[in-house]
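Asker: Before I ask anything, let me first share the structure, which is written out below as structure tokens.
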Amino acid sequence: MEKQHPIGDLMTTTMQKLREIADVNTIVGKPIVAGEITIIPISKLTVGFASGGSDFTSKNQKPEDDNSFGGGSGAGMNLSPVAFLIVKGDSVRLMPVAPPPGTAVDRVVEMVPDVIDKVTGFIEKQQDKDKSQG
């Protein structure tokens, strides 16, 4: 039977721990019931994973001995709330935590013509007032 390399053990252990932390309940949270309304939190999980290792020989190592091994692994996670599912009777709504990217800019662009019209109208009224007073 072939001996497994130590880096495989490192990776397996790290992945098992990640699996324990990040189950489906992490993404789709536990429902919160408030009267006839049920709120279900939805989150986004981002995971980063890295591992590495090296075999090396020591000064006094005999040829029949296994090489020494040094290595490590690590992982990082980021859990961000994205939205809430709101269930009331037969109605289901998705309420985002933040507006989609670009939405605020789109609203400002849509408002620009109205703002220009209002400012122009205000300036014209002021000029008419000044002419009638002078």
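Ordering of the structure tokens sets the chain letters (A, B, ...), residue numbers begin anew at 1 in every chain, and ligands are numbered from 1 in the order given.
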Please extract the residues of chain A with a backbone DSSP assignment of alpha helix (DSSP H) and present them as a PyMOL selection string.

Answerer: chain A and resi 6-21+24-27+103-133

Asker: For Val97 in chain A, which residue among A:Ser43, A:Thr13, A:Ser54, A:Ser132 is the nearest when counting only C-alpha atoms?

Answerer: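 Of the candidates, the smallest distance to Val97 in chain A is held by A:Ser43.
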
Asker: CA of Asp9 in chain A and CA of Gly53 in chain A are how many Å apart?

Answerer: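 Result for CA of Asp9 in chain A versus CA of Gly53 in chain A: 11.2 Å, one decimal.
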
Asker: What lies within 10 Å of Val47 in chain A using only C-alpha atoms, ignoring chain neighbours under 6 positions off, as a PyMOL selection string?

Answerer: chain A and resi 18+22+75-79

Asker: Using the selection just defined, write its residues with C-alpha atoms as a PDB file, in the first residue's frame.

Answerer:
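result_8.pdb written:
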ATOM      1  CA  LEU A  18     -14.398  24.365   5.785  1.00  0.00           C
ATOM      2  CA  ALA A  22     -20.021  26.362   5.470  1.00  0.00           C
ATOM      3  CA  ALA A  75      -8.440  29.319   4.502  1.00  0.00           C
ATOM      4  CA  GLY A  76     -10.401  32.516   4.798  1.00  0.00           C
ATOM      5  CA  MET A  77     -14.148  33.111   4.583  1.00  0.00           C
ATOM      6  CA  ASN A  78     -16.329  36.168   4.147  1.00  0.00           C
ATOM      7  CA  LEU A  79     -20.070  35.980   4.844  1.00  0.00           C
TER       8      LEU A  79
END

Asker: DSSP on the backbone: what in chain A comes out strand (DSSP E), as JSON, numbers by chain?

Answerer: {"A": [32, 33, 34, 37, 38, 39, 40, 41, 42, 43, 44, 45, 46, 47, 48, 49, 50, 51, 52, 53, 54, 55, 56, 68, 69, 70, 71, 72, 73, 74, 75, 76, 77, 78, 79, 80, 81, 82, 83, 84, 85, 86, 87, 88, 91, 92, 93, 94, 95, 96]}
